[in-house]
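S.K.: Just one file: work.txt, with compact mmCIF, C-alpha atoms.
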```
# COMPACT_ATOMS: atom_id res chain seq x y z
CA LYS A 1073 13.63 -24.20 -33.50
CA TRP A 1074 12.66 -20.52 -33.54
CA VAL A 1075 9.27 -19.50 -34.93
CA THR A 1076 8.47 -15.95 -36.04
CA VAL A 1077 5.57 -14.60 -34.01
CA LYS A 1078 5.29 -11.14 -35.54
CA ASP A 1079 7.10 -9.03 -38.12
CA LEU A 1080 6.98 -5.40 -36.99
CA LYS A 1081 7.98 -2.08 -38.51
CA ASN A 1082 10.78 -0.11 -36.90
CA THR A 1083 8.24 2.29 -35.36
CA TYR A 1084 7.40 -0.31 -32.68
CA SER A 1085 9.26 -0.53 -29.39
CA SER A 1086 7.06 -3.12 -27.63
CA PHE A 1087 4.87 -6.12 -28.38
CA ASP A 1088 2.30 -8.10 -26.38
CA PHE A 1089 2.66 -11.82 -26.86
CA THR A 1090 -0.85 -13.11 -26.13
CA LYS A 1091 -0.97 -16.50 -27.85
CA THR A 1092 -0.01 -18.36 -24.71
CA SER A 1093 -1.25 -21.30 -22.68
CA LEU A 1094 -1.74 -20.54 -18.99
CA GLY A 1095 1.10 -21.92 -16.88
CA SER A 1096 3.36 -22.69 -19.86
CA THR A 1097 6.88 -21.26 -20.18
CA TYR A 1098 8.02 -19.42 -23.30
CA THR A 1099 11.38 -18.20 -24.54
CA LEU A 1100 11.26 -15.10 -26.73
CA ARG A 1101 13.75 -12.92 -28.53
CA VAL A 1102 13.63 -9.78 -30.66
CA LEU A 1103 15.82 -9.41 -33.74
CA GLY A 1104 16.39 -6.17 -35.57
CA TYR A 1105 16.96 -6.42 -39.33
CA LYS A 1106 17.85 -4.41 -42.40
CA THR A 1107 16.57 -5.33 -45.84
CA PHE A 1108 18.98 -5.61 -48.78
CA PRO A 1109 18.35 -6.59 -52.42
CA ASP A 1110 19.50 -10.13 -51.70
CA GLY A 1111 17.58 -10.51 -48.40
CA ARG A 1112 17.67 -9.45 -44.73
CA ALA A 1113 20.57 -9.07 -42.34
CA TYR A 1114 19.58 -9.75 -38.71
CA THR A 1115 21.05 -8.57 -35.44
CA GLN A 1116 21.77 -10.95 -32.60
CA GLY A 1117 18.90 -10.92 -30.10
CA ASN A 1118 18.90 -11.48 -26.37
CA THR A 1119 16.46 -14.09 -25.12
CA VAL A 1120 13.99 -13.81 -22.25
CA THR A 1121 12.13 -16.73 -20.67
CA LYS A 1122 8.80 -16.14 -18.97
CA LYS A 1123 5.94 -18.20 -17.65
CA ALA A 1124 2.40 -17.29 -18.71
CA ILE A 1125 0.88 -16.30 -15.37
CA PRO A 1126 -1.58 -13.65 -14.10
CA GLN A 1127 -0.42 -10.10 -13.45
CA LYS A 1128 1.15 -9.16 -10.15
CA ALA A 1129 -1.37 -7.70 -7.67
CA VAL A 1130 -0.62 -4.07 -6.73
CA VAL A 1131 -1.31 -3.98 -2.97
CA THR A 1132 -1.58 -1.16 -0.43
CA SER A 1133 -1.85 -1.62 3.33
CA THR A 1134 -3.59 0.67 5.83
CA ASN A 1135 -3.84 0.58 9.61
CA SER A 1136 -7.55 0.33 10.46
CA SER A 1137 -6.95 0.04 14.19
CA SER A 1138 -4.18 -1.03 16.56
CA THR A 1139 -5.19 -4.67 15.99
CA SER A 1140 -6.30 -4.68 12.33
CA ILE A 1141 -4.76 -3.90 8.94
CA LYS A 1142 -6.65 -3.47 5.68
CA LEU A 1143 -5.07 -4.84 2.51
CA SER A 1144 -6.38 -3.44 -0.78
CA TRP A 1145 -5.40 -4.17 -4.35
CA LYS A 1146 -6.30 -3.16 -7.89
CA LYS A 1147 -8.64 -5.45 -9.79
CA ILE A 1148 -6.96 -7.63 -12.41
CA SER A 1149 -9.02 -8.61 -15.44
CA GLY A 1150 -9.23 -12.25 -16.44
CA VAL A 1151 -8.38 -13.81 -13.07
CA ASN A 1152 -10.55 -16.10 -10.95
CA GLY A 1153 -9.59 -14.80 -7.54
CA TYR A 1154 -6.92 -13.77 -5.04
CA GLU A 1155 -5.22 -15.37 -2.04
CA VAL A 1156 -4.09 -13.33 0.97
CA LEU A 1157 -0.92 -14.63 2.64
CA GLN A 1158 0.86 -13.86 5.90
CA LYS A 1159 4.49 -14.68 6.55
CA ASP A 1160 5.06 -16.92 9.55
CA GLY A 1161 8.79 -17.21 10.16
CA SER A 1162 10.27 -18.27 6.83
CA ARG A 1163 7.00 -19.71 5.50
CA TRP A 1164 3.82 -18.23 4.06
CA LYS A 1165 0.41 -19.25 5.33
CA LYS A 1166 -2.87 -18.59 3.55
CA LEU A 1167 -5.27 -16.32 5.41
CA TYR A 1168 -8.04 -16.00 2.88
CA ASP A 1169 -9.16 -17.00 -0.61
CA THR A 1170 -11.57 -14.53 -2.24
CA LYS A 1171 -12.79 -17.22 -4.69
CA SER A 1172 -13.92 -14.31 -6.82
CA ALA A 1173 -12.24 -11.60 -8.88
CA LYS A 1174 -14.70 -8.98 -7.59
CA LYS A 1175 -13.34 -8.70 -4.05
CA THR A 1176 -10.34 -6.37 -3.85
CA SER A 1177 -9.72 -5.93 -0.13
CA TYR A 1178 -9.35 -7.91 3.08
CA LEU A 1179 -9.23 -6.88 6.74
CA VAL A 1180 -6.67 -8.78 8.82
CA LYS A 1181 -7.83 -8.84 12.45
CA ASN A 1182 -6.61 -9.91 15.91
CA LEU A 1183 -3.11 -8.51 15.49
CA THR A 1184 -0.76 -7.51 18.30
CA PRO A 1185 -0.23 -3.73 18.66
CA GLY A 1186 3.37 -2.74 17.95
CA LYS A 1187 4.24 -5.99 16.15
CA LYS A 1188 5.53 -5.99 12.57
CA TYR A 1189 3.79 -8.18 9.98
CA THR A 1190 4.43 -9.22 6.39
CA PHE A 1191 1.56 -9.86 3.98
CA ALA A 1192 1.16 -10.63 0.29
CA VAL A 1193 -1.67 -11.02 -2.22
CA LYS A 1194 -1.46 -13.43 -5.16
CA ALA A 1195 -3.86 -13.35 -8.10
CA TYR A 1196 -4.70 -16.71 -9.64
CA LYS A 1197 -6.40 -18.13 -12.70
CA LYS A 1198 -7.51 -21.71 -13.18
CA ASN A 1199 -6.17 -23.61 -16.16
CA SER A 1200 -8.02 -26.19 -18.25
CA HIS A 1201 -7.45 -28.77 -15.50
CA LYS A 1202 -9.01 -26.47 -12.85
CA LYS A 1203 -5.60 -26.02 -11.24
CA LYS A 1204 -4.68 -22.59 -9.92
CA VAL A 1205 -1.86 -20.76 -11.69
CA TYR A 1206 -0.54 -17.94 -9.50
CA GLY A 1207 0.88 -14.56 -10.39
CA GLU A 1208 3.93 -13.04 -8.76
CA TYR A 1209 3.63 -11.01 -5.56
CA THR A 1210 5.42 -8.32 -3.57
CA ALA A 1211 5.67 -8.62 0.22
CA GLN A 1212 4.00 -5.85 2.24
CA LYS A 1213 5.67 -5.08 5.57
CA ILE A 1214 3.63 -3.07 8.05
CA LYS A 1215 3.49 -2.50 11.78
CA ALA A 1216 0.22 -2.89 13.68
CA VAL A 1217 -0.49 0.60 15.02
CA PRO A 1218 -3.64 2.66 15.58
CA ALA A 1219 -5.26 4.36 12.60
CA THR A 1220 -3.97 7.83 11.74
CA PRO A 1221 -6.22 10.61 13.11
CA ARG A 1222 -8.44 12.26 10.49
CA GLY A 1223 -10.73 15.25 10.18
CA ILE A 1224 -8.11 17.62 11.62
CA LYS A 1225 -9.33 21.20 12.04
CA ALA A 1226 -8.05 24.23 13.93
CA LYS A 1227 -9.78 27.41 15.04
CA VAL A 1228 -8.55 30.56 16.76
CA SER A 1229 -10.83 31.94 19.44
CA ARG A 1230 -10.10 34.46 22.20
CA GLY A 1231 -6.37 34.20 21.67
CA ASN A 1232 -6.29 30.42 21.91
CA VAL A 1233 -6.01 27.68 19.26
CA THR A 1234 -8.42 24.74 19.43
CA ILE A 1235 -7.51 21.64 17.43
CA ARG A 1236 -10.28 19.15 16.64
CA TRP A 1237 -10.31 15.67 15.13
CA THR A 1238 -12.64 12.76 14.43
CA LYS A 1239 -13.05 10.39 17.36
CA GLN A 1240 -11.31 7.02 16.97
CA THR A 1241 -12.08 3.62 18.43
CA ASP A 1242 -9.55 1.22 19.91
CA VAL A 1243 -7.12 3.91 21.10
CA SER A 1244 -5.88 4.87 24.56
CA GLY A 1245 -5.25 8.54 23.88
CA TYR A 1246 -3.70 11.19 21.65
CA ARG A 1247 -0.41 13.06 21.36
CA ILE A 1248 -0.55 16.70 20.26
CA GLN A 1249 2.54 18.23 18.65
CA ARG A 1250 3.40 21.76 17.53
CA LYS A 1251 6.13 22.71 15.10
CA ARG A 1252 9.00 24.87 16.35
CA GLY A 1253 11.31 25.80 13.49
CA SER A 1254 12.05 22.51 11.74
CA LYS A 1255 11.38 20.37 14.81
CA TRP A 1256 8.21 19.01 16.39
CA VAL A 1257 7.58 19.61 20.09
CA THR A 1258 5.09 17.51 22.06
CA LEU A 1259 2.54 19.67 23.85
CA THR A 1260 0.87 16.79 25.64
CA THR A 1261 0.17 13.06 25.54
CA LYS A 1262 -2.48 13.31 28.26
CA VAL A 1263 -5.47 13.55 25.98
CA SER A 1264 -8.04 10.84 26.68
CA ALA A 1265 -9.43 8.43 24.12
CA LYS A 1266 -12.85 10.08 24.46
CA ALA A 1267 -11.57 13.54 23.58
CA THR A 1268 -11.97 15.10 20.13
CA SER A 1269 -10.33 18.47 20.80
CA TYR A 1270 -7.40 20.15 22.50
CA LYS A 1271 -6.90 23.83 23.39
CA ASP A 1272 -3.44 25.36 23.04
CA GLU A 1273 -3.37 28.43 25.30
CA LYS A 1274 0.36 29.10 24.97
CA VAL A 1275 0.21 31.10 21.76
CA LYS A 1276 1.18 34.67 20.88
CA LYS A 1277 -0.77 37.16 18.82
CA GLY A 1278 0.65 37.81 15.37
CA SER A 1279 2.21 34.33 15.11
CA LYS A 1280 1.49 31.24 12.99
CA TYR A 1281 1.36 27.74 14.43
CA THR A 1282 1.44 24.29 12.80
CA TYR A 1283 0.04 21.22 14.53
CA ARG A 1284 -0.24 17.46 14.03
CA ILE A 1285 -1.75 14.60 16.05
CA GLN A 1286 -1.02 10.92 16.65
CA SER A 1287 -3.26 8.44 18.41
CA TYR A 1288 -1.72 5.75 20.60
CA LYS A 1289 -2.51 2.41 22.19
CA THR A 1290 -1.10 1.52 25.60
CA GLY A 1291 0.27 -1.96 26.20
CA LYS A 1292 3.91 -2.67 26.78
CA GLY A 1293 4.61 1.01 26.33
CA LYS A 1294 2.78 3.28 23.91
CA VAL A 1295 2.28 2.32 20.27
CA TYR A 1296 1.76 5.44 18.14
CA SER A 1297 -0.10 5.87 14.87
CA GLY A 1298 1.28 7.69 11.85
CA ASN A 1299 1.15 11.47 11.83
CA SER A 1300 -2.06 13.23 10.92
CA LYS A 1301 -2.02 15.87 8.22
CA GLU A 1302 -0.45 19.13 9.36
CA ILE A 1303 -2.66 22.15 9.91
CA THR A 1304 -1.48 25.75 10.21
CA VAL A 1305 -3.36 28.66 11.79
CA ALA A 1306 -2.54 32.34 12.36
CA VAL A 1307 -3.30 34.14 15.60
CA LYS A 1308 -4.23 37.71 14.70
CA LYS A 1309 -2.89 40.68 16.59
```
Let me see whether you can do it: turn the structure in this file into structure tokens.
M.R.:
Amino acid sequence: KWVTVKDLKNTYSSFDFTKTSLGSTYTLRVLGYKTFPDGRAYTQGNTVTKKAIPQKAVVTSTNSSSTSIKLSWKKISGVNGYEVLQKDGSRWKKLYDTKSAKKTSYLVKNLTPGKKYTFAVKAYKKNSHKKKVYGEYTAQKIKAVPATPRGIKAKVSRGNVTIRWTKQTDVSGYRIQRKRGSKWVTLTTKVSAKATSYKDEKVKKGSKYTYRIQSYKTGKGKVYSGNSKEITVAVKK
């Protein structure tokens, strides 16, 4: 038997069905109608079946170091907490339960540089029987690489260009690249982990140069970070 939940004017194009019981499944349909002197004529409506569950967590992932990844998500009102999951083969294993709706991030540690990982975050709310009802989730795939260099600056002095950046931990060195046309050319990868600057002496007066930096971790080969922001400088004549 179908029960009318709401009678809306034709100015509406959406409706929030809130009279639900957590964890229960509902089948809904929307019928258009036209009123005549002898009553209403209804359209045929398509049905949709949904379970009353918490919202899906919107998650972002960031490389904090070559061995750690930070997962962050937007706070969802009305939930009791979140569970952080990691995919292990074809199965998911729980890494952490926030046990609170206030915490909206988690740092996954002890990862292998260069290895790809899959994570997910599920919001949950407890029903009247104290059982967790979980929301849907989207898998986050990310590779464990060093953090992207930040604080990039460039200065021209005495006909040379000096690029500077904020020092990073847990890296083996840095790669400096300069743009040539539409391509990037590596100037050097022999910049130590302790360094926070590099001087490019092969520049010409009256020209503009664009640079970017990656950090890397050495293991079985070099594992590079994402690209830093690009910075462009002009060498005056």
S.K.: Which value, in Å to one decimal, gives the distance between atom CA of A:Val1156 and atom CA of A:Ile1125?
M.R.: 17.3 Å
S.K.: Can you build me a table of stretch 1124-1215 of chain A residues sitting at most 9 Å from stretch 1238-1244 of chain A, with the closest atom pair per residue and its distance in Å to one decimal, using all atoms listed in the file, sorted by chain and residue number, as a Markdown table?
M.R.:
```
| residue | atom | partner | partner_atom | distance |
| --- | --- | --- | --- | --- |
| A:Ser1137 | CA | A:Asp1242 | CA | 6.4 |
| A:Ser1138 | CA | A:Asp1242 | CA | 6.7 |
| A:Thr1139 | CA | A:Asp1242 | CA | 8.3 |
```
S.K.: Can you tell me which residues surround A:Gly1104 at a distance of at most 9 Å, considering all atoms listed in the file, apart from same-chain residues fewer than 2 positions away, and format the answer as a list in words?
M.R.: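 Here the qualifying residues turn out to be Asn1082, Val1102, Lys1106, Ala1113, Tyr1114, Thr1115, Gln1116 and Gly1117 of chain A.
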S.K.: For A:Lys1204, please output as a list in words all residues within 12 Å (counting all atoms listed in the file; exclusion window: fewer than 5 positions along the same chain).
M.R.: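 Surrounding residues, per the criterion: Leu1094, Gly1095, Ile1125, Pro1126, Val1151, Asn1152, Gly1153, Tyr1154, Glu1155, Asp1169, Lys1171, Lys1194, Ala1195, Tyr1196, Lys1197, Lys1198 and Asn1199 of chain A.
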S.K.: Just the residues within 9 Å of A:Ile1148, please, counting all atoms listed in the file, with nothing from its chain fewer than 2 positions along; format it as a ChimeraX atom specification.
M.R.: /A:1126-1129,1145-1146,1150-1151,1173,1195
S.K.: Using C-alpha atoms, can you export the residues from the last selection as an mmCIF file, in the coordinates of the input?
M.R.:
```cif
data_model
loop_
_atom_site.group_PDB
_atom_site.id
_atom_site.type_symbol
_atom_site.label_atom_id
_atom_site.label_comp_id
_atom_site.auth_asym_id
_atom_site.auth_seq_id
_atom_site.Cartn_x
_atom_site.Cartn_y
_atom_site.Cartn_z
ATOM 1 C CA PRO A 1126 -1.580 -13.650 -14.100
ATOM 2 C CA GLN A 1127 -0.420 -10.100 -13.450
ATOM 3 C CA LYS A 1128 1.150 -9.160 -10.150
ATOM 4 C CA ALA A 1129 -1.370 -7.700 -7.670
ATOM 5 C CA TRP A 1145 -5.400 -4.170 -4.350
ATOM 6 C CA LYS A 1146 -6.300 -3.160 -7.890
ATOM 7 C CA GLY A 1150 -9.230 -12.250 -16.440
ATOM 8 C CA VAL A 1151 -8.380 -13.810 -13.070
ATOM 9 C CA ALA A 1173 -12.240 -11.600 -8.880
ATOM 10 C CA ALA A 1195 -3.860 -13.350 -8.100
#
```
S.K.: Just to confirm, what's the straight-line distance from atom CA of A:Ala1211 to atom CA of A:Tyr1288 in Å (one decimal)?
M.R.: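 Straight-line distance from atom CA of A:Ala1211 to atom CA of A:Tyr1288 works out to 26.0 Å.
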S.K.: Using only C-alpha atoms, can you list as a PyMOL selection string the residues within 7 Å of (-0.6, 20.6, 25.3)?
M.R.: chain A and resi 1248+1259-1260+1272
S.K.: May I have the protein, DNA and RNA residues with any atom at most 9 Å from the point (8.9, -12.1, 5.8), counting only C-alpha atoms, written as an MDAnalysis selection string?
M.R.: chainID A and resid 1158:1164 1189:1191 1211:1213
S.K.: Excluding A:Val1233 and any residue of its chain fewer than 5 positions from it, enumerate the residues within 10 Å of it, using only C-alpha atoms, and give them as a PyMOL selection string.
M.R.: chain A and resi 1226-1228+1270-1275+1281+1305-1307
S.K.: Do a neighbour search on A:Ser1269 at 8 Å with all atoms listed in the file, toss out local chain neighbours closer than 2 positions, and write the hits as number ranges by chain.
M.R.: A: 1234-1237, 1267, 1271
